[in-house]
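**Student:** Sharing model25.tsv, TSV, C-alpha atoms:
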chain	number	residue	atom	x	y	z
A	1290	MET	CA	254.55	134.11	-45.47
A	1291	LYS	CA	254.71	134.14	-49.28
A	1292	ASN	CA	255.48	137.88	-49.36
A	1293	LEU	CA	258.37	137.64	-46.91
A	1294	PHE	CA	261.09	138.29	-49.50
A	1295	ASN	CA	259.51	141.44	-50.98
A	1296	ASN	CA	260.72	143.73	-48.19
A	1297	THR	CA	263.58	145.67	-49.81
A	1298	LYS	CA	264.02	147.96	-46.80
A	1299	VAL	CA	265.09	144.96	-44.70
A	1300	ALA	CA	267.03	143.41	-47.61
A	1301	PHE	CA	269.25	146.44	-48.27
A	1302	ASP	CA	269.21	148.20	-44.91
A	1303	ILE	CA	272.99	147.91	-44.37
A	1304	LYS	CA	273.80	149.19	-47.88
A	1305	SER	CA	274.63	152.87	-48.27
A	1306	ASP	CA	273.17	154.74	-51.24
A	1307	SER	CA	276.50	154.49	-53.10
A	1308	GLU	CA	276.75	150.70	-52.43
A	1309	LEU	CA	273.19	150.29	-53.70
A	1310	GLU	CA	274.06	152.25	-56.87
A	1311	ARG	CA	277.21	150.17	-57.41
A	1312	ALA	CA	275.20	146.93	-57.06
A	1313	TYR	CA	272.65	148.22	-59.59
A	1314	PHE	CA	275.43	149.16	-62.03
A	1315	LEU	CA	277.16	145.76	-61.66
A	1316	PHE	CA	274.03	143.70	-62.23
A	1317	LYS	CA	273.18	145.85	-65.28
A	1318	MET	CA	276.61	144.91	-66.66
A	1319	ILE	CA	276.26	141.22	-65.75
A	1320	GLN	CA	272.87	141.11	-67.51
A	1321	ASN	CA	274.69	141.62	-70.80
A	1322	GLU	CA	276.17	138.23	-71.81
A	1323	PRO	CA	278.52	139.47	-74.57
A	1324	LEU	CA	279.80	142.15	-72.18
A	1325	VAL	CA	280.57	139.50	-69.53
A	1326	ARG	CA	282.48	137.42	-72.11
A	1327	ILE	CA	284.49	140.43	-73.31
A	1328	GLY	CA	285.04	141.68	-69.75
A	1329	THR	CA	286.32	138.25	-68.68
A	1330	ALA	CA	288.77	138.07	-71.59
A	1331	VAL	CA	290.03	141.63	-71.03
A	1332	THR	CA	290.41	141.10	-67.27
A	1333	ASN	CA	292.35	137.84	-67.75
A	1334	PHE	CA	294.59	139.53	-70.32
A	1335	ALA	CA	295.21	142.52	-68.04
A	1336	LEU	CA	296.08	140.30	-65.07
A	1337	ASN	CA	298.29	137.95	-67.11
A	1338	THR	CA	300.24	140.86	-68.59
A	1339	LYS	CA	300.55	142.50	-65.14
A	1340	LEU	CA	298.59	145.62	-66.11
A	1341	PRO	CA	297.67	147.70	-63.02
A	1342	VAL	CA	293.94	146.84	-62.94
A	1343	GLU	CA	293.66	145.37	-59.44
A	1344	LYS	CA	292.53	148.68	-57.93
A	1345	LEU	CA	289.68	148.95	-60.45
A	1346	ILE	CA	288.63	145.32	-59.87
A	1347	ARG	CA	288.83	145.84	-56.11
A	1348	SER	CA	286.56	148.88	-56.13
A	1349	THR	CA	283.88	147.26	-58.31
A	1350	VAL	CA	283.24	143.52	-58.68
A	1351	PHE	CA	285.66	142.38	-55.92
A	1352	ASP	CA	284.17	144.56	-53.19
A	1353	HIS	CA	280.64	143.55	-54.18
A	1354	PHE	CA	281.21	139.77	-54.11
A	1355	CYS	CA	284.16	139.46	-51.65
A	1356	GLY	CA	284.84	140.46	-48.06
A	1357	GLY	CA	288.50	141.43	-48.49
A	1358	VAL	CA	292.03	140.21	-49.11
A	1359	THR	CA	292.59	138.74	-45.61
A	1360	GLU	CA	290.41	137.44	-42.79
A	1361	GLU	CA	291.01	140.66	-40.85
A	1362	ASP	CA	289.98	142.65	-43.92
A	1363	CYS	CA	286.57	140.95	-43.76
A	1364	LEU	CA	285.80	141.93	-40.16
A	1365	PRO	CA	283.93	145.22	-40.87
A	1366	THR	CA	281.65	143.40	-43.35
A	1367	ILE	CA	281.15	140.49	-40.93
A	1368	GLU	CA	280.16	142.82	-38.09
A	1369	LYS	CA	277.93	144.92	-40.34
A	1370	MET	CA	275.97	141.85	-41.49
A	1371	TYR	CA	275.85	140.43	-37.98
A	1372	SER	CA	274.21	143.64	-36.74
A	1373	LYS	CA	271.20	142.20	-38.65
A	1374	LYS	CA	271.90	138.65	-37.37
A	1375	VAL	CA	273.22	137.47	-40.75
A	1376	HIS	CA	276.29	135.30	-40.10
A	1377	SER	CA	279.38	134.87	-42.29
A	1378	VAL	CA	281.25	131.81	-43.57
A	1379	LEU	CA	284.82	132.87	-44.38
A	1380	ASP	CA	285.70	131.22	-47.69
A	1381	TYR	CA	289.32	131.35	-48.87
A	1382	SER	CA	288.40	131.47	-52.56
A	1383	VAL	CA	291.78	130.97	-54.21
A	1384	GLU	CA	291.32	128.39	-56.98
A	1385	GLY	CA	293.47	126.44	-59.40
A	1386	LYS	CA	296.63	126.26	-57.26
A	1387	GLU	CA	298.37	122.88	-57.46
A	1388	SER	CA	301.62	123.03	-55.47
A	1389	GLU	CA	302.24	121.43	-52.08
A	1390	GLU	CA	303.10	124.88	-50.75
A	1391	GLN	CA	299.69	126.20	-51.83
A	1392	PHE	CA	297.90	123.19	-50.29
A	1393	GLU	CA	299.67	123.79	-46.98
A	1394	ASN	CA	298.79	127.47	-47.20
A	1395	ALA	CA	295.11	126.57	-47.75
A	1396	LEU	CA	295.27	124.16	-44.79
A	1397	ASN	CA	296.63	126.90	-42.52
A	1398	LYS	CA	293.93	129.32	-43.76
A	1399	VAL	CA	291.21	126.80	-42.83
A	1400	LEU	CA	292.73	126.17	-39.39
A	1401	LYS	CA	292.79	129.92	-38.86
A	1402	THR	CA	289.14	130.33	-39.91
A	1403	ILE	CA	288.17	127.53	-37.48
A	1404	GLU	CA	289.85	129.56	-34.71
A	1405	PHE	CA	288.06	132.70	-35.95
A	1406	ALA	CA	284.74	130.84	-35.89
A	1407	LYS	CA	285.33	129.66	-32.33
A	1408	GLU	CA	286.03	133.23	-31.18
A	1409	LYS	CA	283.17	134.91	-33.02
A	1410	GLU	CA	279.46	134.16	-32.81
A	1411	SER	CA	279.11	135.85	-36.19
A	1412	ILE	CA	281.09	133.01	-37.88
A	1413	PRO	CA	279.30	129.69	-37.32
A	1414	PHE	CA	281.14	127.47	-39.87
A	1415	ALA	CA	284.50	126.96	-41.54
A	1416	VAL	CA	284.76	125.80	-45.17
A	1417	PHE	CA	287.17	124.48	-47.81
A	1418	LYS	CA	287.24	122.97	-51.30
A	1419	PRO	CA	288.67	119.46	-51.86
A	1420	THR	CA	291.09	120.81	-54.48
A	1421	GLY	CA	292.37	123.28	-51.88
A	1422	PHE	CA	294.02	120.27	-50.19
A	1423	GLY	CA	295.13	118.14	-53.15
A	1424	ARG	CA	295.55	117.89	-56.92
A	1425	PHE	CA	292.43	117.62	-59.08
A	1426	ALA	CA	294.06	114.87	-61.19
A	1427	LEU	CA	294.67	112.77	-58.08
A	1428	TYR	CA	291.00	112.93	-57.03
A	1429	GLN	CA	290.05	112.12	-60.63
A	1430	LYS	CA	292.29	109.05	-60.80
A	1431	ILE	CA	290.84	107.68	-57.56
A	1432	SER	CA	287.28	108.47	-58.74
A	1433	GLU	CA	287.97	106.51	-61.95
A	1434	ASN	CA	289.16	103.54	-59.85
A	1435	LYS	CA	292.61	103.61	-61.43
A	1436	GLU	CA	295.60	102.12	-59.62
A	1437	LEU	CA	297.77	104.74	-57.93
A	1438	ASN	CA	301.55	104.42	-58.18
A	1439	ALA	CA	303.71	104.56	-55.02
A	1440	ASP	CA	304.24	108.32	-55.21
A	1441	GLU	CA	300.52	108.98	-55.70
A	1442	LYS	CA	299.62	106.71	-52.78
A	1443	ALA	CA	301.99	108.71	-50.56
A	1444	GLU	CA	300.54	111.95	-51.94
A	1445	TRP	CA	296.98	110.80	-51.18
A	1446	GLU	CA	297.97	109.99	-47.59
A	1447	VAL	CA	299.20	113.58	-47.22
A	1448	VAL	CA	295.86	114.85	-48.61
A	1449	LYS	CA	293.92	112.65	-46.17
A	1450	ASN	CA	296.07	113.88	-43.29
A	1451	ARG	CA	295.13	117.48	-44.15
A	1452	TYR	CA	291.44	116.55	-43.96
A	1453	HIS	CA	291.92	114.76	-40.64
A	1454	LYS	CA	293.87	117.68	-39.21
A	1455	VAL	CA	291.09	120.21	-39.92
A	1456	CYS	CA	288.30	117.83	-38.89
A	1457	ALA	CA	289.99	116.96	-35.58
A	1458	PHE	CA	290.53	120.67	-34.88
A	1459	ALA	CA	286.92	121.47	-35.85
A	1460	LEU	CA	285.69	118.75	-33.48
A	1461	GLU	CA	287.96	119.99	-30.69
A	1462	LEU	CA	286.60	123.55	-31.00
A	1463	SER	CA	283.06	122.37	-31.87
A	1464	VAL	CA	282.99	124.33	-35.16
A	1465	PRO	CA	281.06	122.66	-38.02
A	1466	LEU	CA	283.08	122.30	-41.23
A	1467	LEU	CA	281.56	122.60	-44.71
A	1468	ILE	CA	283.38	120.73	-47.50
A	1469	ASP	CA	282.38	122.01	-50.94
A	1470	ALA	CA	281.59	119.85	-53.96
A	1471	GLU	CA	283.34	120.16	-57.33
A	1472	GLU	CA	283.20	118.53	-60.77
A	1473	SER	CA	281.52	115.10	-61.00
A	1474	TRP	CA	284.57	113.33	-62.44
A	1475	MET	CA	286.59	113.95	-59.28
A	1476	GLN	CA	283.77	113.97	-56.73
A	1477	ASP	CA	283.58	110.24	-55.90
A	1478	ALA	CA	287.02	110.33	-54.25
A	1479	ALA	CA	286.01	113.36	-52.17
A	1480	ASP	CA	282.64	111.80	-51.23
A	1481	GLN	CA	284.28	108.57	-50.10
A	1482	LEU	CA	286.80	110.43	-47.96
A	1483	VAL	CA	284.21	112.77	-46.41
A	1484	GLU	CA	281.99	109.79	-45.60
A	1485	GLU	CA	284.87	108.21	-43.66
A	1486	LEU	CA	285.37	111.51	-41.83
A	1487	MET	CA	281.67	111.72	-40.92
A	1488	ALA	CA	281.83	108.21	-39.47
A	1489	GLU	CA	284.80	109.26	-37.32
A	1490	TYR	CA	283.97	112.85	-36.30
A	1491	ASN	CA	280.13	112.98	-36.36
A	1492	LYS	CA	279.44	110.62	-33.46
A	1493	GLU	CA	277.78	113.22	-31.19
A	1494	LYS	CA	276.52	115.75	-33.77
A	1495	ALA	CA	277.23	116.91	-37.33
A	1496	ILE	CA	280.70	118.50	-37.41
A	1497	VAL	CA	281.73	117.41	-40.93
A	1498	PHE	CA	279.37	118.48	-43.75
A	1499	ASN	CA	279.59	117.21	-47.32
A	1500	THR	CA	277.97	119.11	-50.22
A	1501	LEU	CA	275.38	117.68	-52.61
A	1502	GLN	CA	274.90	119.41	-55.97
A	1503	MET	CA	271.29	118.63	-56.78
A	1504	TYR	CA	271.57	119.48	-60.48
A	1505	ARG	CA	273.03	115.96	-60.61
A	1506	TRP	CA	270.22	113.45	-61.10
A	1507	ASP	CA	272.05	110.76	-59.05
A	1508	ARG	CA	272.30	112.72	-55.80
A	1509	MET	CA	269.04	111.55	-54.19
A	1510	ASP	CA	270.20	107.95	-54.57
A	1511	TYR	CA	273.53	108.96	-53.05
A	1512	LEU	CA	271.75	110.64	-50.10
A	1513	LYS	CA	269.71	107.50	-49.41
A	1514	ARG	CA	272.83	105.30	-49.57
A	1515	LEU	CA	274.65	107.67	-47.21
A	1516	HIS	CA	271.71	107.54	-44.81
A	1517	LYS	CA	271.79	103.72	-44.82
A	1518	THR	CA	275.54	103.79	-44.02
A	1519	ALA	CA	275.01	106.37	-41.26
A	1520	LYS	CA	272.39	104.19	-39.60
A	1521	GLU	CA	274.67	101.12	-39.82
A	1522	LYS	CA	277.72	102.97	-38.44
A	1523	ASP	CA	275.74	105.24	-36.12
A	1524	PHE	CA	276.87	108.74	-37.11
A	1525	TYR	CA	275.18	112.06	-37.81
A	1526	ILE	CA	274.88	113.39	-41.37
A	1527	GLY	CA	275.74	117.00	-42.15
A	1528	LEU	CA	275.00	118.19	-45.68
A	1529	LYS	CA	275.09	121.44	-47.55
A	1530	ILE	CA	272.45	121.19	-50.28
A	1531	VAL	CA	273.03	123.34	-53.37
A	1532	ARG	CA	271.84	123.30	-56.95
A	1533	GLY	CA	275.37	123.33	-58.44
A	1534	ALA	CA	278.07	125.49	-59.99
A	1535	TYR	CA	279.61	123.68	-62.98
A	1536	MET	CA	276.64	122.97	-65.26
A	1537	GLU	CA	278.06	124.15	-68.61
A	1538	LYS	CA	281.39	122.43	-67.99
A	1539	GLU	CA	279.65	119.17	-66.98
A	1540	ARG	CA	277.44	119.07	-70.08
A	1541	GLU	CA	280.27	119.96	-72.45
A	1542	ARG	CA	282.57	117.27	-71.05
A	1543	ALA	CA	279.82	114.62	-71.22
A	1544	GLU	CA	279.21	115.49	-74.87
A	1545	GLU	CA	282.91	115.55	-75.76
A	1546	ASN	CA	283.57	112.20	-74.07
A	1547	ASN	CA	280.32	110.58	-75.19
A	1548	TYR	CA	278.83	109.63	-71.81
A	1549	GLU	CA	275.47	110.44	-70.25
A	1550	SER	CA	275.43	113.92	-68.71
A	1551	PRO	CA	275.21	113.79	-64.91
A	1552	ILE	CA	273.09	116.97	-64.99
A	1553	CYS	CA	269.28	116.96	-64.75
A	1554	LYS	CA	267.54	117.53	-68.08
A	1555	ASP	CA	266.18	120.97	-67.13
A	1556	LYS	CA	265.80	123.48	-64.31
A	1557	LEU	CA	262.42	122.06	-63.28
A	1558	ALA	CA	263.98	118.63	-62.68
A	1559	THR	CA	266.82	120.25	-60.69
A	1560	ASP	CA	264.33	122.21	-58.55
A	1561	LYS	CA	262.32	119.02	-57.90
A	1562	ASN	CA	265.51	117.15	-56.96
A	1563	TYR	CA	266.62	119.95	-54.63
A	1564	ASP	CA	263.29	120.14	-52.84
A	1565	GLU	CA	263.14	116.34	-52.52
A	1566	ALA	CA	266.49	116.42	-50.69
A	1567	LEU	CA	265.18	119.07	-48.28
A	1568	VAL	CA	262.06	117.01	-47.54
A	1569	TYR	CA	264.11	113.83	-47.03
A	1570	MET	CA	266.55	115.48	-44.63
A	1571	ALA	CA	263.93	117.45	-42.68
A	1572	THR	CA	261.88	114.31	-42.05
A	1573	HIS	CA	264.72	112.03	-40.86
A	1574	PRO	CA	266.54	112.27	-37.52
A	1575	LYS	CA	270.28	112.80	-36.99
A	1576	MET	CA	270.62	115.09	-40.02
A	1577	ALA	CA	271.81	118.72	-40.16
A	1578	ILE	CA	270.95	120.87	-43.19
A	1579	PHE	CA	272.80	123.84	-44.62
A	1580	ALA	CA	270.44	124.88	-47.44
A	1581	GLY	CA	272.54	126.87	-49.89
A	1582	THR	CA	269.91	128.44	-52.10
A	1583	HIS	CA	269.02	131.64	-53.94
A	1584	ASN	CA	265.59	130.18	-54.72
A	1585	GLU	CA	262.61	131.71	-52.94
A	1586	GLU	CA	260.31	128.68	-53.34
A	1587	SER	CA	262.85	126.27	-51.85
A	1588	SER	CA	263.36	128.69	-48.95
A	1589	TYR	CA	259.61	128.81	-48.29
A	1590	LEU	CA	259.46	125.01	-48.48
A	1591	LEU	CA	262.19	124.59	-45.85
A	1592	MET	CA	260.42	127.08	-43.57
A	1593	GLU	CA	257.21	125.04	-43.91
A	1594	LEU	CA	259.07	121.78	-43.25
A	1595	ALA	CA	260.68	123.23	-40.13
A	1596	ALA	CA	257.26	124.29	-38.81
A	1597	LYS	CA	255.72	120.91	-39.66
A	1598	GLU	CA	258.55	119.00	-37.95
A	1599	GLU	CA	258.31	121.39	-34.97
A	1600	LEU	CA	261.89	122.58	-35.31
A	1601	ASP	CA	262.75	125.90	-33.71
A	1602	LYS	CA	263.58	128.57	-36.28
A	1603	ASN	CA	267.07	128.87	-34.78
A	1604	ASP	CA	267.68	125.12	-34.34
A	1605	SER	CA	271.43	124.57	-34.85
A	1606	ARG	CA	270.67	121.74	-37.34
A	1607	LEU	CA	268.92	124.12	-39.73
A	1608	TRP	CA	270.75	126.83	-41.70
A	1609	PHE	CA	269.99	128.87	-44.80
A	1610	GLY	CA	272.95	130.10	-46.85
A	1611	GLN	CA	273.52	132.53	-49.72
A	1612	LEU	CA	276.56	134.01	-51.40
A	1613	TYR	CA	277.73	137.46	-50.38
A	1614	GLY	CA	276.63	140.05	-52.93
A	1615	MET	CA	273.54	138.09	-53.98
A	1616	SER	CA	269.98	137.41	-52.77
A	1617	ASP	CA	270.04	139.86	-49.86
A	1618	HIS	CA	266.23	139.87	-49.99
A	1619	ILE	CA	266.31	136.19	-48.90
A	1620	SER	CA	269.16	136.41	-46.37
A	1621	PHE	CA	268.12	139.51	-44.43
A	1622	ASN	CA	264.37	138.83	-44.44
A	1623	LEU	CA	264.99	135.28	-43.15
A	1624	SER	CA	267.27	136.53	-40.36
A	1625	GLU	CA	264.72	139.24	-39.52
A	1626	SER	CA	262.18	136.40	-39.10
A	1627	GLY	CA	264.45	134.53	-36.67
A	1628	TYR	CA	266.05	131.86	-38.89
A	1629	ASN	CA	269.75	130.91	-38.94
A	1630	VAL	CA	271.30	132.53	-42.01
A	1631	ALA	CA	274.90	132.66	-43.21
A	1632	LYS	CA	276.48	134.37	-46.17
A	1633	TYR	CA	279.51	132.77	-47.86
A	1634	LEU	CA	282.10	135.55	-47.65
A	1635	PRO	CA	284.96	134.91	-50.11
A	1636	PHE	CA	288.39	136.43	-49.44
A	1637	GLY	CA	291.91	136.23	-50.86
A	1638	PRO	CA	294.32	138.23	-53.04
A	1639	VAL	CA	292.44	140.00	-55.86
A	1640	ARG	CA	294.44	138.26	-58.60
A	1641	ASP	CA	293.92	134.79	-57.08
A	1642	VAL	CA	290.19	135.26	-56.48
A	1643	MET	CA	289.47	136.20	-60.13
A	1644	PRO	CA	288.46	132.64	-61.22
A	1645	TYR	CA	285.80	132.69	-58.47
A	1646	LEU	CA	284.57	136.16	-59.51
A	1647	ILE	CA	284.40	135.20	-63.18
A	1648	ARG	CA	282.34	132.13	-62.25
A	1649	ARG	CA	279.93	134.33	-60.26
A	1650	ALA	CA	279.49	136.70	-63.21
A	1651	GLU	CA	278.94	133.81	-65.65
A	1652	GLU	CA	276.51	132.09	-63.27
A	1653	ASN	CA	274.43	135.27	-62.93
A	1654	THR	CA	274.39	135.64	-66.70
A	1655	SER	CA	273.39	132.03	-67.41
A	1656	VAL	CA	270.75	131.46	-64.70
A	1657	ALA	CA	267.48	132.66	-66.19
A	1658	GLY	CA	265.83	135.41	-64.20
A	1659	GLN	CA	268.45	135.65	-61.43
A	1660	THR	CA	270.00	138.93	-62.57
A	1661	SER	CA	266.61	140.40	-63.53
A	1662	ARG	CA	265.35	139.62	-60.04
A	1663	GLU	CA	268.34	141.35	-58.41
A	1664	LEU	CA	267.83	144.38	-60.65
A	1665	ASN	CA	264.10	144.61	-59.92
A	1666	LEU	CA	264.72	144.49	-56.17
A	1667	LEU	CA	267.47	147.12	-56.39
A	1668	LYS	CA	265.19	149.25	-58.55
A	1669	SER	CA	262.41	149.03	-55.94
A	1670	GLU	CA	264.79	150.04	-53.16
A	1671	ARG	CA	266.21	152.95	-55.18
A	1672	LYS	CA	262.64	154.12	-55.74
A	1673	ARG	CA	261.81	153.73	-52.03
A	1674	ARG	CA	264.89	155.80	-51.13
A	1675	LYS	CA	264.05	158.31	-53.89
A	1676	LEU	CA	267.53	157.96	-55.44
Using structure tokens, write down the structure from this file.
**Tutor:**
Amino acid sequence: MKNLFNNTKVAFDIKSDSELERAYFLFKMIQNEPLVRIGTAVTNFALNTKLPVEKLIRSTVFDHFCGGVTEEDCLPTIEKMYSKKVHSVLDYSVEGKESEEQFENALNKVLKTIEFAKEKESIPFAVFKPTGFGRFALYQKISENKELNADEKAEWEVVKNRYHKVCAFALELSVPLLIDAEESWMQDAADQLVEELMAEYNKEKAIVFNTLQMYRWDRMDYLKRLHKTAKEKDFYIGLKIVRGAYMEKERERAEENNYESPICKDKLATDKNYDEALVYMATHPKMAIFAGTHNEESSYLLMELAAKEELDKNDSRLWFGQLYGMSDHISFNLSESGYNVAKYLPFGPVRDVMPYLIRRAEENTSVAGQTSRELNLLKSERKRRKL
């Protein structure tokens, strides 16, 4: 089993030679930290000054990490991946929008992706970010237990109504709904709301999924508290387990504001925390796991746990997830072995998706060994194809 992820033929089978070469070129660029910093600054400048760079972005980094501009745009990629039984999670990855019009637009996008998911076997989940439905500052104020004024209370009711609307629709169509996690200083408000939604919509099975970022050292305690509540109120728990996406920002803010960082002291502690969550969830009933991971060891662990707990490989309560454009050696080899696998497939206007793309580039640069691993695998496949 331990050599499962070495098969580059399976990993890159749907990539043409030119797509493979583009991936190799991109990860070579991303490996260079100063280049990523300069590239980010130049791209932001070009977009802000309306320079015509969207075509260049689209043909390189956008097409590697995103499915397209619209849901329909993503369909060829979705079908291509599904030919190898790798599913897609359509992720409207427009970030940093704070108007009511934008929140309503995001709501309608999520409702549409729920419909898409109902129609297509290849799309098993819908997804959204809390700040897609409401202002960051509002979540933060609630998380800090500050009194809301009358306008803010009314605004929060509108936010909650958006959540209820998508959850009720997801329940009606029986499409599980992943709700992403964000920065720690706004997350308590989102957690509290999602917990209420689980209690209401997860009576028969897990429809509503929260996300736990296991680079936070307090998340195992949170998981155990949530489990206690679920047993008391008799509902199913759905959780996407990830390591986390805002590490630098979290540590910097903790230092600036002189409070204890919520992030584990090192990668080893994060890995231990992540694996502990998998073990806890796999060994308790009425829990559904979406394991978002690019880590081979954690993937092997979950496979072992599934076998030990006598779960079928394709049990609907067990999913592996990776981001599109990364870790194909995990995704496609797992699906080849019969496991449920889904790739997060971001989409949206090129200009609006740039914050997401920049975060991906920075994440690949900062996570030790991740880019090197991608490059080594691509190198092996290029050699196998004699490119």
**Student:** Select, from A:Ser1626, A:Ser1305, A:Thr1559, A:Ser1382, the residue with the minimum atom-to-atom distance to Arg1508 (chain A), counting all atoms listed in the file.
**Tutor:** A:Thr1559
**Student:** Just how far from CA of Ile1530 (chain A) is CA of Ala1395 (chain A), in Å to one decimal?
**Tutor:**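 Atom-to-atom, CA of Ala1395 (chain A) to CA of Ile1530 (chain A), that is 23.4 Å.
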**Student:** Hey, can you check how far CA of Ile1496 (chain A) sits from CA of Leu1646 (chain A)?
**Tutor:** 28.6 Å
**Student:** Find the residue from A:Ile1412, A:Leu1293, A:Leu1309, A:Cys1363 that sits nearest to Ser1669 (chain A); use all atoms listed in the file when measuring.
**Tutor:**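 For Ser1669 (chain A), the nearest of the given residues is A:Leu1309.
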**Student:** From the set A:Thr1582, A:Ser1550, A:Gln1476, A:Asn1629, which residue has the shortest atom-to-atom contact distance to Glu1433 (chain A), counting only C-alpha atoms?
**Tutor:**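 Using only C-alpha atoms, the shortest distance to Glu1433 (chain A) belongs to A:Gln1476.
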**Student:** For Glu1343 (chain A), which of A:Pro1465, A:Pro1638, A:Pro1551, A:Gly1421 is the closest residue, counting all atoms listed in the file?
**Tutor:**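 Among the listed residues, A:Pro1638 lies closest to Glu1343 (chain A).
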**Student:** Counting all atoms listed in the file, which residue out of A:Met1536, A:Leu1612, A:Ile1526, A:Met1503 sits closest to Asp1560 (chain A)?
**Tutor:**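 Selected residue with least distance to Asp1560 (chain A): A:Met1503.
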**Student:** With a distance cut-off of 8 Å and all atoms listed in the file, select the neighbouring residues of region 1348-1353 of chain A, excluding the residue or stretch itself and same-chain residues fewer than 6 positions from it, and output the selection as a PyMOL selection string.
**Tutor:** chain A and resi 1311-1312+1315+1613-1614+1639+1646
**Student:** For CA of Lys1298 (chain A) and CA of Asp1617 (chain A), determine how far apart the two atoms are, in Å to one decimal place.
**Tutor:** 10.5 Å
**Student:** Got a sec to check which residues sit within 12 Å of (292.0, 117.1, -45.1), counting only C-alpha atoms, and write them as an NGL selection string?
**Tutor:** :A and (1392-1393 or 1395-1397 or 1399-1400 or 1416-1423 or 1445-1459 or 1466-1468 or 1479 or 1482-1483 or 1485-1486 or 1497)
**Student:** Which is closest to Asn1292 (chain A) among A:Asp1510, A:Glu1384, A:Glu1585, A:Glu1493, if we use all atoms listed in the file?
**Tutor:**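 Between A:Asp1510, A:Glu1384, A:Glu1585, A:Glu1493, the residue approaching Asn1292 (chain A) most closely is A:Glu1585.
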**Student:** With a distance cut-off of 8 Å and all atoms listed in the file, select the neighbouring residues of region 1563-1571 of chain A, excluding the residue or stretch itself and same-chain residues fewer than 4 positions from it, and output the selection as a ChimeraX atom specification.
**Tutor:** /A:1503-1504,1509,1512,1530-1532,1559,1576-1578,1580,1587,1590-1591,1594-1595,1598
**Student:** I'd like the neighbourhood of Asp1302 (chain A) as a list in words, where a residue qualifies if any of its atoms comes within 12 Å (using all atoms listed in the file), though same-chain residues fewer than 2 positions away should be ignored.
**Tutor:**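 Counting all atoms listed in the file, the residues come to Asn1296, Thr1297, Lys1298, Val1299, Ala1300, Lys1304, Ser1305, Asp1306, Glu1308, Leu1309, Lys1369, Met1370, Ser1372, Lys1373, Asp1617, His1618, Ser1620, Phe1621, Asn1622, Glu1625, Leu1667, Glu1670, Arg1671, Arg1673 and Arg1674 of chain A.
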**Student:** Which residues of region 1418-1529 of chain A have any atom within 8 Å of an atom in region 1407-1410 of chain A when counting all atoms listed in the file, and what is the closest pair of atoms for each, with the distance in Å to one decimal? Order the rows by chain and rising number and write it as a Markdown table.
**Tutor:**
| residue | atom | partner | partner_atom | distance |
| --- | --- | --- | --- | --- |
| A:Leu1462 | CA | A:Lys1407 | CA | 6.4 |
| A:Ser1463 | CA | A:Lys1407 | CA | 7.6 |
| A:Val1464 | CA | A:Lys1407 | CA | 6.5 |
**Student:** Write a file of the just-selected residues containing C-alpha atoms, as a compact mmCIF listing (two decimals), in the coordinates of the input.
**Tutor:**
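Saved as selection23.txt:
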# COMPACT_ATOMS: atom_id res chain seq x y z
CA LEU A 1462 286.60 123.55 -31.00
CA SER A 1463 283.06 122.37 -31.87
CA VAL A 1464 282.99 124.33 -35.16
